[in-house]
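Okay, entry.txt is below, compact mmCIF, N, CA and C atoms:
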# COMPACT_ATOMS: atom_id res chain seq x y z
N MET A 21 -65.87 72.92 24.61
CA MET A 21 -66.19 73.68 23.44
C MET A 21 -67.50 73.25 22.79
N PRO A 22 -68.03 72.10 23.07
CA PRO A 22 -69.18 71.66 22.27
C PRO A 22 -70.24 72.74 22.13
N LEU A 23 -70.74 72.83 20.91
CA LEU A 23 -71.82 73.76 20.59
C LEU A 23 -72.94 72.95 19.96
N CYS A 24 -74.15 73.17 20.44
CA CYS A 24 -75.33 72.54 19.86
C CYS A 24 -76.28 73.65 19.45
N VAL A 25 -76.61 73.68 18.16
CA VAL A 25 -77.58 74.63 17.65
C VAL A 25 -78.77 73.81 17.17
N TYR A 26 -79.94 74.12 17.70
CA TYR A 26 -81.15 73.43 17.27
C TYR A 26 -82.00 74.41 16.48
N HIS A 27 -82.27 74.07 15.24
CA HIS A 27 -83.09 74.88 14.33
C HIS A 27 -84.49 74.27 14.29
N THR A 28 -85.51 75.10 14.43
CA THR A 28 -86.87 74.58 14.39
C THR A 28 -87.87 75.64 13.95
N ASN A 29 -88.98 75.17 13.44
CA ASN A 29 -90.07 76.08 13.10
C ASN A 29 -91.02 76.27 14.27
N VAL A 30 -90.77 75.61 15.38
CA VAL A 30 -91.58 75.77 16.59
C VAL A 30 -91.22 77.13 17.21
N SER A 31 -92.22 77.86 17.67
CA SER A 31 -91.98 79.20 18.23
C SER A 31 -91.24 79.13 19.57
N SER A 32 -90.55 80.20 19.89
CA SER A 32 -89.82 80.29 21.16
C SER A 32 -90.74 80.12 22.35
N GLU A 33 -91.95 80.64 22.24
CA GLU A 33 -92.91 80.57 23.34
C GLU A 33 -93.29 79.12 23.67
N GLU A 34 -93.16 78.23 22.70
CA GLU A 34 -93.51 76.82 22.92
C GLU A 34 -92.36 76.00 23.48
N ILE A 35 -91.19 76.61 23.62
CA ILE A 35 -90.01 75.87 24.11
C ILE A 35 -89.58 76.47 25.45
N PRO A 36 -89.95 75.82 26.56
CA PRO A 36 -89.60 76.34 27.88
C PRO A 36 -88.08 76.32 28.11
N ASP A 37 -87.62 77.22 28.96
CA ASP A 37 -86.20 77.28 29.30
C ASP A 37 -85.69 75.93 29.80
N GLU A 38 -86.53 75.21 30.52
CA GLU A 38 -86.13 73.92 31.08
C GLU A 38 -85.66 72.96 29.98
N ILE A 39 -86.28 73.03 28.81
CA ILE A 39 -85.89 72.15 27.70
C ILE A 39 -84.50 72.52 27.19
N VAL A 40 -84.21 73.81 27.13
CA VAL A 40 -82.88 74.25 26.69
C VAL A 40 -81.82 73.75 27.67
N LEU A 41 -82.11 73.85 28.95
CA LEU A 41 -81.17 73.37 29.98
C LEU A 41 -80.99 71.86 29.91
N ARG A 42 -82.07 71.14 29.67
CA ARG A 42 -81.98 69.68 29.52
C ARG A 42 -81.13 69.30 28.32
N LEU A 43 -81.29 70.03 27.22
CA LEU A 43 -80.49 69.76 26.03
C LEU A 43 -79.02 70.03 26.30
N CYS A 44 -78.72 71.08 27.02
CA CYS A 44 -77.33 71.39 27.39
C CYS A 44 -76.71 70.24 28.19
N LYS A 45 -77.45 69.74 29.16
CA LYS A 45 -76.97 68.62 29.98
C LYS A 45 -76.82 67.35 29.15
N LEU A 46 -77.75 67.11 28.23
CA LEU A 46 -77.67 65.93 27.37
C LEU A 46 -76.41 65.99 26.50
N VAL A 47 -76.14 67.14 25.91
CA VAL A 47 -74.94 67.29 25.07
C VAL A 47 -73.69 67.04 25.91
N ALA A 48 -73.64 67.60 27.10
CA ALA A 48 -72.48 67.39 27.98
C ALA A 48 -72.29 65.91 28.31
N GLU A 49 -73.36 65.25 28.70
CA GLU A 49 -73.27 63.82 29.05
C GLU A 49 -72.90 62.97 27.84
N THR A 50 -73.54 63.25 26.72
CA THR A 50 -73.33 62.44 25.51
C THR A 50 -71.91 62.58 24.98
N LEU A 51 -71.38 63.80 25.03
CA LEU A 51 -70.02 64.05 24.52
C LEU A 51 -68.96 63.94 25.61
N GLU A 52 -69.41 63.56 26.82
CA GLU A 52 -68.50 63.39 27.96
C GLU A 52 -67.68 64.65 28.21
N GLU A 53 -68.40 65.77 28.29
CA GLU A 53 -67.81 67.08 28.53
C GLU A 53 -68.41 67.68 29.79
N ASP A 54 -67.69 68.64 30.38
CA ASP A 54 -68.22 69.41 31.50
C ASP A 54 -69.33 70.31 30.97
N VAL A 55 -70.46 70.33 31.64
CA VAL A 55 -71.59 71.14 31.18
C VAL A 55 -71.21 72.62 31.08
N LYS A 56 -70.21 73.06 31.84
CA LYS A 56 -69.76 74.45 31.79
C LYS A 56 -69.11 74.79 30.46
N ALA A 57 -68.69 73.78 29.69
CA ALA A 57 -68.03 74.01 28.41
C ALA A 57 -69.01 73.94 27.23
N VAL A 58 -70.27 73.61 27.50
CA VAL A 58 -71.25 73.39 26.43
C VAL A 58 -72.10 74.64 26.21
N THR A 59 -72.29 74.98 24.94
CA THR A 59 -73.18 76.07 24.56
C THR A 59 -74.33 75.50 23.74
N VAL A 60 -75.54 75.91 24.06
CA VAL A 60 -76.72 75.50 23.31
C VAL A 60 -77.43 76.76 22.82
N GLU A 61 -77.79 76.74 21.56
CA GLU A 61 -78.57 77.85 20.99
C GLU A 61 -79.81 77.25 20.35
N MET A 62 -80.97 77.80 20.71
CA MET A 62 -82.22 77.39 20.10
C MET A 62 -82.59 78.43 19.06
N ARG A 63 -82.58 78.05 17.82
CA ARG A 63 -83.01 78.95 16.75
C ARG A 63 -84.44 78.56 16.39
N SER A 64 -85.35 79.12 17.15
CA SER A 64 -86.76 78.73 17.03
C SER A 64 -87.53 79.73 16.19
N GLY A 65 -88.73 79.32 15.80
CA GLY A 65 -89.61 80.18 15.03
C GLY A 65 -89.15 80.42 13.60
N LYS A 66 -88.32 79.51 13.07
CA LYS A 66 -87.82 79.68 11.71
C LYS A 66 -88.87 79.24 10.69
N LYS A 67 -88.83 79.84 9.53
CA LYS A 67 -89.70 79.40 8.45
C LYS A 67 -89.02 78.19 7.80
N MET A 68 -89.54 77.02 8.08
CA MET A 68 -88.98 75.76 7.60
C MET A 68 -90.13 74.83 7.26
N CYS A 69 -89.88 73.91 6.36
CA CYS A 69 -90.91 72.91 6.11
C CYS A 69 -90.27 71.60 5.73
N ARG A 70 -91.05 70.57 5.87
CA ARG A 70 -90.67 69.22 5.47
C ARG A 70 -91.82 68.70 4.63
N ASP A 71 -91.52 68.14 3.49
CA ASP A 71 -92.57 67.57 2.63
C ASP A 71 -93.61 68.63 2.25
N ALA A 72 -93.13 69.87 2.05
CA ALA A 72 -93.99 70.99 1.65
C ALA A 72 -95.15 71.24 2.62
N ASP A 73 -94.94 70.96 3.91
CA ASP A 73 -95.97 71.16 4.91
C ASP A 73 -95.44 72.13 5.98
N LEU A 74 -95.88 73.37 5.92
CA LEU A 74 -95.41 74.39 6.87
C LEU A 74 -95.99 74.20 8.27
N LYS A 75 -97.02 73.41 8.43
CA LYS A 75 -97.65 73.24 9.73
C LYS A 75 -97.00 72.13 10.56
N GLN A 76 -96.25 71.24 9.92
CA GLN A 76 -95.60 70.12 10.62
C GLN A 76 -94.41 70.63 11.43
N LYS A 77 -94.29 70.17 12.68
CA LYS A 77 -93.10 70.50 13.47
C LYS A 77 -91.89 69.90 12.77
N TRP A 78 -90.79 70.65 12.77
CA TRP A 78 -89.60 70.24 12.03
C TRP A 78 -88.40 70.79 12.75
N GLY A 79 -87.28 70.09 12.69
CA GLY A 79 -86.07 70.62 13.32
C GLY A 79 -84.84 69.81 12.99
N PHE A 80 -83.68 70.44 13.22
CA PHE A 80 -82.43 69.70 13.11
C PHE A 80 -81.40 70.22 14.10
N PHE A 81 -80.56 69.29 14.53
CA PHE A 81 -79.49 69.59 15.47
C PHE A 81 -78.18 69.75 14.71
N GLU A 82 -77.45 70.79 15.03
CA GLU A 82 -76.07 70.95 14.56
C GLU A 82 -75.19 70.79 15.79
N LEU A 83 -74.31 69.83 15.77
CA LEU A 83 -73.37 69.63 16.87
C LEU A 83 -71.97 69.95 16.36
N HIS A 84 -71.26 70.80 17.10
CA HIS A 84 -69.90 71.19 16.74
C HIS A 84 -68.97 70.81 17.88
N GLY A 85 -67.79 70.29 17.53
CA GLY A 85 -66.83 69.94 18.55
C GLY A 85 -65.45 69.68 17.98
N THR A 86 -64.49 69.50 18.87
CA THR A 86 -63.13 69.14 18.46
C THR A 86 -62.83 67.76 19.05
N GLY A 87 -62.53 66.82 18.18
CA GLY A 87 -62.24 65.46 18.62
C GLY A 87 -63.47 64.71 19.09
N ALA A 88 -64.65 65.22 18.82
CA ALA A 88 -65.88 64.63 19.34
C ALA A 88 -66.55 63.66 18.39
N PHE A 89 -66.29 63.78 17.09
CA PHE A 89 -67.06 63.02 16.11
C PHE A 89 -66.16 62.19 15.18
N LEU A 90 -65.11 61.62 15.74
CA LEU A 90 -64.15 60.87 14.94
C LEU A 90 -64.45 59.37 14.90
N ASP A 91 -65.34 58.91 15.75
CA ASP A 91 -65.64 57.48 15.88
C ASP A 91 -67.05 57.20 15.37
N THR A 92 -67.16 56.40 14.33
CA THR A 92 -68.46 56.11 13.71
C THR A 92 -69.44 55.49 14.70
N GLU A 93 -68.97 54.55 15.50
CA GLU A 93 -69.86 53.89 16.48
C GLU A 93 -70.39 54.90 17.49
N LYS A 94 -69.50 55.76 17.98
CA LYS A 94 -69.91 56.78 18.95
C LYS A 94 -70.89 57.78 18.30
N ASN A 95 -70.66 58.10 17.02
CA ASN A 95 -71.56 59.02 16.32
C ASN A 95 -72.98 58.47 16.24
N LEU A 96 -73.11 57.15 16.07
CA LEU A 96 -74.44 56.54 16.06
C LEU A 96 -75.14 56.73 17.40
N VAL A 97 -74.39 56.55 18.48
CA VAL A 97 -74.94 56.73 19.83
C VAL A 97 -75.37 58.19 20.02
N ILE A 98 -74.48 59.12 19.63
CA ILE A 98 -74.78 60.55 19.76
C ILE A 98 -76.04 60.89 18.96
N GLY A 99 -76.06 60.48 17.71
CA GLY A 99 -77.22 60.77 16.85
C GLY A 99 -78.50 60.22 17.41
N ASN A 100 -78.47 58.99 17.90
CA ASN A 100 -79.68 58.38 18.45
C ASN A 100 -80.17 59.12 19.70
N LYS A 101 -79.24 59.60 20.53
CA LYS A 101 -79.66 60.36 21.72
C LYS A 101 -80.31 61.68 21.32
N MET A 102 -79.79 62.31 20.28
CA MET A 102 -80.39 63.56 19.80
C MET A 102 -81.78 63.29 19.22
N PHE A 103 -81.90 62.21 18.43
CA PHE A 103 -83.21 61.85 17.88
C PHE A 103 -84.21 61.57 19.00
N GLU A 104 -83.78 60.82 20.01
CA GLU A 104 -84.66 60.49 21.13
C GLU A 104 -85.14 61.76 21.82
N PHE A 105 -84.22 62.70 22.05
CA PHE A 105 -84.59 63.97 22.68
C PHE A 105 -85.57 64.74 21.80
N GLY A 106 -85.31 64.78 20.51
CA GLY A 106 -86.18 65.49 19.59
C GLY A 106 -87.59 64.94 19.58
N VAL A 107 -87.71 63.61 19.56
CA VAL A 107 -89.02 62.97 19.51
C VAL A 107 -89.73 63.05 20.85
N GLU A 108 -89.04 62.66 21.93
CA GLU A 108 -89.69 62.54 23.23
C GLU A 108 -89.86 63.87 23.97
N VAL A 109 -88.90 64.77 23.83
CA VAL A 109 -88.95 66.02 24.60
C VAL A 109 -89.48 67.18 23.75
N LEU A 110 -88.98 67.28 22.52
CA LEU A 110 -89.40 68.38 21.65
C LEU A 110 -90.66 68.06 20.86
N ASP A 111 -91.09 66.81 20.90
CA ASP A 111 -92.32 66.36 20.24
C ASP A 111 -92.30 66.60 18.73
N VAL A 112 -91.16 66.32 18.11
CA VAL A 112 -91.02 66.44 16.66
C VAL A 112 -90.98 65.02 16.08
N PRO A 113 -91.77 64.74 15.05
CA PRO A 113 -91.74 63.40 14.45
C PRO A 113 -90.32 63.04 13.99
N ARG A 114 -89.95 61.78 14.16
CA ARG A 114 -88.59 61.35 13.80
C ARG A 114 -88.26 61.62 12.33
N ASN A 115 -89.24 61.49 11.46
CA ASN A 115 -88.97 61.73 10.04
C ASN A 115 -88.85 63.22 9.72
N CYS A 116 -89.03 64.07 10.72
CA CYS A 116 -88.89 65.51 10.55
C CYS A 116 -87.70 66.06 11.35
N LEU A 117 -86.76 65.18 11.66
CA LEU A 117 -85.55 65.54 12.42
C LEU A 117 -84.32 65.04 11.68
N PHE A 118 -83.22 65.75 11.82
CA PHE A 118 -81.93 65.19 11.46
C PHE A 118 -80.84 65.81 12.30
N VAL A 119 -79.68 65.18 12.30
CA VAL A 119 -78.55 65.60 13.13
C VAL A 119 -77.33 65.76 12.23
N MET A 120 -76.67 66.90 12.35
CA MET A 120 -75.41 67.12 11.64
C MET A 120 -74.31 67.26 12.68
N MET A 121 -73.22 66.54 12.49
CA MET A 121 -72.08 66.63 13.40
C MET A 121 -70.91 67.24 12.65
N HIS A 122 -70.39 68.32 13.22
CA HIS A 122 -69.29 69.05 12.59
C HIS A 122 -68.03 68.90 13.44
N GLU A 123 -67.02 68.32 12.87
CA GLU A 123 -65.73 68.16 13.54
C GLU A 123 -64.86 69.35 13.15
N HIS A 124 -64.33 70.06 14.13
CA HIS A 124 -63.48 71.22 13.88
C HIS A 124 -62.07 70.98 14.42
N GLU A 125 -61.08 71.48 13.71
CA GLU A 125 -59.72 71.43 14.23
C GLU A 125 -59.60 72.47 15.34
N ALA A 126 -58.80 72.16 16.33
CA ALA A 126 -58.65 73.07 17.47
C ALA A 126 -58.12 74.43 17.05
N THR A 127 -57.40 74.50 15.95
CA THR A 127 -56.85 75.79 15.52
C THR A 127 -57.90 76.70 14.91
N CYS A 128 -59.14 76.24 14.78
CA CYS A 128 -60.21 77.05 14.21
C CYS A 128 -61.23 77.49 15.24
N ILE A 129 -60.93 77.29 16.51
CA ILE A 129 -61.89 77.56 17.58
C ILE A 129 -61.37 78.69 18.46
N GLY A 130 -62.24 79.61 18.84
CA GLY A 130 -61.85 80.70 19.75
C GLY A 130 -61.68 80.18 21.16
N ILE A 131 -60.58 80.54 21.80
CA ILE A 131 -60.33 80.15 23.18
C ILE A 131 -59.94 81.39 23.97
N PRO A 132 -60.09 81.36 25.30
CA PRO A 132 -59.79 82.54 26.11
C PRO A 132 -58.29 82.82 26.20
N GLY A 133 -57.97 83.98 26.70
CA GLY A 133 -56.58 84.33 26.97
C GLY A 133 -55.86 84.91 25.76
N ASP A 134 -56.59 85.47 24.81
CA ASP A 134 -55.98 86.09 23.62
C ASP A 134 -55.05 85.15 22.87
N LYS A 135 -55.33 83.85 22.93
CA LYS A 135 -54.49 82.90 22.21
C LYS A 135 -54.93 82.72 20.77
N LEU A 136 -56.25 82.66 20.55
CA LEU A 136 -56.73 82.34 19.21
C LEU A 136 -58.16 82.82 19.06
N LEU A 137 -58.45 83.49 17.99
CA LEU A 137 -59.83 83.86 17.69
C LEU A 137 -60.35 83.00 16.56
N VAL A 138 -59.61 82.92 15.48
CA VAL A 138 -59.95 82.08 14.35
C VAL A 138 -58.64 81.60 13.74
N ASP A 139 -58.75 80.73 12.76
CA ASP A 139 -57.56 80.32 12.03
C ASP A 139 -57.21 81.47 11.09
N ILE A 140 -56.22 82.25 11.44
CA ILE A 140 -55.86 83.46 10.71
C ILE A 140 -55.15 83.09 9.41
N PRO A 141 -55.69 83.54 8.27
CA PRO A 141 -55.06 83.23 6.98
C PRO A 141 -53.64 83.77 6.89
N LYS A 142 -52.82 83.10 6.08
CA LYS A 142 -51.42 83.48 5.96
C LYS A 142 -51.02 83.82 4.54
N TYR A 143 -51.99 84.03 3.63
CA TYR A 143 -51.61 84.34 2.25
C TYR A 143 -51.15 85.80 2.15
N ALA A 144 -50.33 86.08 1.12
CA ALA A 144 -49.60 87.33 1.00
C ALA A 144 -50.48 88.58 0.97
N ASN A 145 -51.62 88.57 0.31
CA ASN A 145 -52.43 89.78 0.18
C ASN A 145 -53.51 89.90 1.25
N TYR A 146 -53.42 89.12 2.33
CA TYR A 146 -54.42 89.15 3.40
C TYR A 146 -54.15 90.34 4.32
N SER A 147 -55.16 91.15 4.57
CA SER A 147 -55.07 92.26 5.53
C SER A 147 -55.84 91.87 6.78
N GLN A 148 -55.15 91.78 7.87
CA GLN A 148 -55.75 91.35 9.12
C GLN A 148 -56.66 92.45 9.69
N PRO A 149 -57.93 92.15 10.01
CA PRO A 149 -58.80 93.15 10.62
C PRO A 149 -58.26 93.59 11.98
N ASP A 150 -58.62 94.79 12.39
CA ASP A 150 -58.13 95.32 13.67
C ASP A 150 -58.44 94.41 14.85
N TYR A 151 -59.62 93.75 14.82
CA TYR A 151 -59.98 92.93 15.97
C TYR A 151 -59.13 91.67 16.10
N PHE A 152 -58.31 91.33 15.10
CA PHE A 152 -57.38 90.20 15.21
C PHE A 152 -56.04 90.63 15.80
N LYS A 153 -55.75 91.93 15.79
CA LYS A 153 -54.44 92.41 16.21
C LYS A 153 -54.17 92.01 17.66
N GLY A 154 -52.98 91.54 17.92
CA GLY A 154 -52.60 91.14 19.26
C GLY A 154 -52.94 89.69 19.59
N LEU A 155 -53.66 89.02 18.73
CA LEU A 155 -53.98 87.61 18.96
C LEU A 155 -52.90 86.74 18.37
N ARG A 156 -52.60 85.65 19.02
CA ARG A 156 -51.63 84.70 18.51
C ARG A 156 -52.37 83.50 17.96
N ASN A 157 -51.92 82.98 16.85
CA ASN A 157 -52.50 81.81 16.25
C ASN A 157 -51.70 80.62 16.72
N VAL A 158 -52.23 79.88 17.69
CA VAL A 158 -51.49 78.77 18.30
C VAL A 158 -52.30 77.50 18.20
N ALA A 159 -51.63 76.39 18.10
CA ALA A 159 -52.31 75.08 18.13
C ALA A 159 -52.67 74.77 19.57
N VAL A 160 -53.80 74.13 19.76
CA VAL A 160 -54.27 73.76 21.08
C VAL A 160 -54.12 72.27 21.26
N ASN A 161 -53.52 71.84 22.34
CA ASN A 161 -53.37 70.41 22.59
C ASN A 161 -54.46 69.93 23.50
So that I can check it, write out the structure of this file as structure tokens.
Amino acid sequence: MPLCVYHTNVSSEEIPDEIVLRLCKLVAETLEEDVKAVTVEMRSGKKMCRDADLKQKWGFFELHGTGAFLDTEKNLVIGNKMFEFGVEVLDVPRNCLFVMMHEHEATCIGIPGDKLLVDIPKYANYSQPDYFKGLRNVAVN
């Protein structure tokens, strides 16, 4: 399930496909996941600045997972690997990078087989949208 979203003000044209593939492999290795389960999205060309300087390269990593970010020591290793990739591969100054790690419960993640799309609310006045019909809200082990 791991998802890595990289936000940057660097244009898409400056980020070769090879870098996206390398980031996907890095996330898989770092989180000890099969690369087939990892999704990477590059949100490039964003209007962003650091220290009120629109010309400086800037970016941040959002990492999402289930059971991936529960260990502080491991989080330091993960963060450092993302920083290293940002500085050495993406050529972004370290002081213009940061990493956010989002831990999600398995019941809030979409999985195949019509088992779960989202954590479906259960309050009395909730009207379920048509696209939720037929889905079961199940815990994933």
List the neighbours of Val112 (chain A) out to 10 Å using only C-alpha atoms; skip same-chain residues closer than 2 positions along the sequence, and give me the result as a PyMOL selection string. chain A and resi 28+30+76-80+103-110+114-117
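One finds CA of Asp54 (chain A) at 16.2 Å from CA of Val40 (chain A).
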Between CA of Ser31 (chain A) and atom N of Glu82 (chain A), what is the distance in Å, rounded to a tenth?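 Between CA of Ser31 (chain A) and atom N of Glu82 (chain A) the gap works out to 17.1 Å.
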Counting only C-alpha atoms, which residue out of A:Ile35, A:Val25, A:Leu90, A:Leu46 sits closest to Val60 (chain A)? A:Val25
Closest to Val47 (chain A) among A:Ser32, A:Phe81, A:Arg70, A:Cys24, using only C-alpha atoms?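 The shortest atom-to-atom distance to Val47 (chain A) comes from A:Cys24.
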Atomic separation - CA of Thr50 (chain A) relative to CA of Ile98 (chain A), Å: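 Separation between CA of Ile98 (chain A) and CA of Thr50 (chain A): 6.2 Å.
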Applying 12 Å and only C-alpha atoms, which residues near Glu53 (chain A) remain after dropping the ones on its own chain fewer than 6 positions away? List them as a PyMOL selection string. chain A and resi 21-23+44-47+59+85-88
Using only N, CA and C atoms, which of the listed residues (A:Asp91, A:Asn29, A:Glu38, A:Glu125) sits closest to Met68 (chain A)? A:Asn29
Taking the DSSP secondary structure from the backbone, can you list the residues of region 56-113 of chain A that are helix (DSSP H, G or I), as a list in words?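 So, restricting region 56-113 of chain A to helix (DSSP H, G or I), we get Lys56, Ala57, Thr92, Glu93, Lys94, Asn95, Leu96, Val97, Ile98, Gly99, Asn100, Lys101, Met102, Phe103, Glu104, Phe105, Gly106, Val107 and Glu108 of chain A.
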Write out as a list in words all residues of region 51-138 of chain A that DSSP puts in strand (DSSP E or B) for this structure's backbone.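 Matching residues for strand (DSSP E or B) in region 51-138 of chain A are Thr59, Val60, Glu61, Met62, Arg63, Arg70, Asp73, Gly79, Phe80, Phe81, Glu82, Leu83, His84, Gly85, Leu117, Phe118, Val119, Met120, Met121, His122, Glu123, Ile131 and Leu136 of chain A.
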Since the input is missing atoms, can you rebuild N, CA, C and O atoms for region 40-59 of chain A and write them as a CSV table (one decimal), in the frame of the given file?
chain,number,residue,atom,x,y,z
A,40,VAL,N,-84.2,73.8,27.1
A,40,VAL,CA,-82.9,74.2,26.7
A,40,VAL,C,-81.8,73.8,27.7
A,40,VAL,O,-80.8,73.2,27.3
A,41,LEU,N,-82.1,73.8,29.0
A,41,LEU,CA,-81.2,73.4,30.0
A,41,LEU,C,-81.0,71.9,29.9
A,41,LEU,O,-79.9,71.4,30.1
A,42,ARG,N,-82.1,71.1,29.7
A,42,ARG,CA,-82.0,69.7,29.5
A,42,ARG,C,-81.1,69.3,28.3
A,42,ARG,O,-80.3,68.4,28.4
A,43,LEU,N,-81.3,70.0,27.2
A,43,LEU,CA,-80.5,69.8,26.0
A,43,LEU,C,-79.0,70.0,26.3
A,43,LEU,O,-78.2,69.2,25.9
A,44,CYS,N,-78.7,71.1,27.0
A,44,CYS,CA,-77.3,71.4,27.4
A,44,CYS,C,-76.7,70.2,28.2
A,44,CYS,O,-75.6,69.8,27.9
A,45,LYS,N,-77.4,69.7,29.2
A,45,LYS,CA,-77.0,68.6,30.0
A,45,LYS,C,-76.8,67.4,29.2
A,45,LYS,O,-75.9,66.6,29.3
A,46,LEU,N,-77.8,67.1,28.2
A,46,LEU,CA,-77.7,65.9,27.4
A,46,LEU,C,-76.4,66.0,26.5
A,46,LEU,O,-75.7,65.0,26.4
A,47,VAL,N,-76.1,67.1,25.9
A,47,VAL,CA,-74.9,67.3,25.1
A,47,VAL,C,-73.7,67.0,25.9
A,47,VAL,O,-72.8,66.3,25.5
A,48,ALA,N,-73.6,67.6,27.1
A,48,ALA,CA,-72.5,67.4,28.0
A,48,ALA,C,-72.3,65.9,28.3
A,48,ALA,O,-71.2,65.4,28.2
A,49,GLU,N,-73.4,65.2,28.7
A,49,GLU,CA,-73.3,63.8,29.0
A,49,GLU,C,-72.9,63.0,27.8
A,49,GLU,O,-72.0,62.1,27.9
A,50,THR,N,-73.5,63.2,26.7
A,50,THR,CA,-73.3,62.4,25.5
A,50,THR,C,-71.9,62.6,25.0
A,50,THR,O,-71.3,61.6,24.5
A,51,LEU,N,-71.4,63.8,25.0
A,51,LEU,CA,-70.0,64.0,24.5
A,51,LEU,C,-69.0,63.9,25.6
A,51,LEU,O,-67.8,64.2,25.4
A,52,GLU,N,-69.4,63.6,26.8
A,52,GLU,CA,-68.5,63.4,28.0
A,52,GLU,C,-67.7,64.6,28.2
A,52,GLU,O,-66.5,64.6,28.3
A,53,GLU,N,-68.4,65.8,28.3
A,53,GLU,CA,-67.8,67.1,28.5
A,53,GLU,C,-68.4,67.7,29.8
A,53,GLU,O,-69.5,67.3,30.2
A,54,ASP,N,-67.7,68.6,30.4
A,54,ASP,CA,-68.2,69.4,31.5
A,54,ASP,C,-69.3,70.3,31.0
A,54,ASP,O,-69.2,71.0,29.9
A,55,VAL,N,-70.5,70.3,31.6
A,55,VAL,CA,-71.6,71.1,31.2
A,55,VAL,C,-71.2,72.6,31.1
A,55,VAL,O,-71.8,73.4,30.3
A,56,LYS,N,-70.2,73.1,31.8
A,56,LYS,CA,-69.8,74.4,31.8
A,56,LYS,C,-69.1,74.8,30.5
A,56,LYS,O,-69.0,76.0,30.1
A,57,ALA,N,-68.7,73.8,29.7
A,57,ALA,CA,-68.0,74.0,28.4
A,57,ALA,C,-69.0,73.9,27.2
A,57,ALA,O,-68.6,74.2,26.1
A,58,VAL,N,-70.3,73.6,27.5
A,58,VAL,CA,-71.2,73.4,26.4
A,58,VAL,C,-72.1,74.6,26.2
A,58,VAL,O,-72.6,75.3,27.2
A,59,THR,N,-72.3,75.0,24.9
A,59,THR,CA,-73.2,76.1,24.6
A,59,THR,C,-74.3,75.5,23.7
A,59,THR,O,-74.1,74.7,22.8
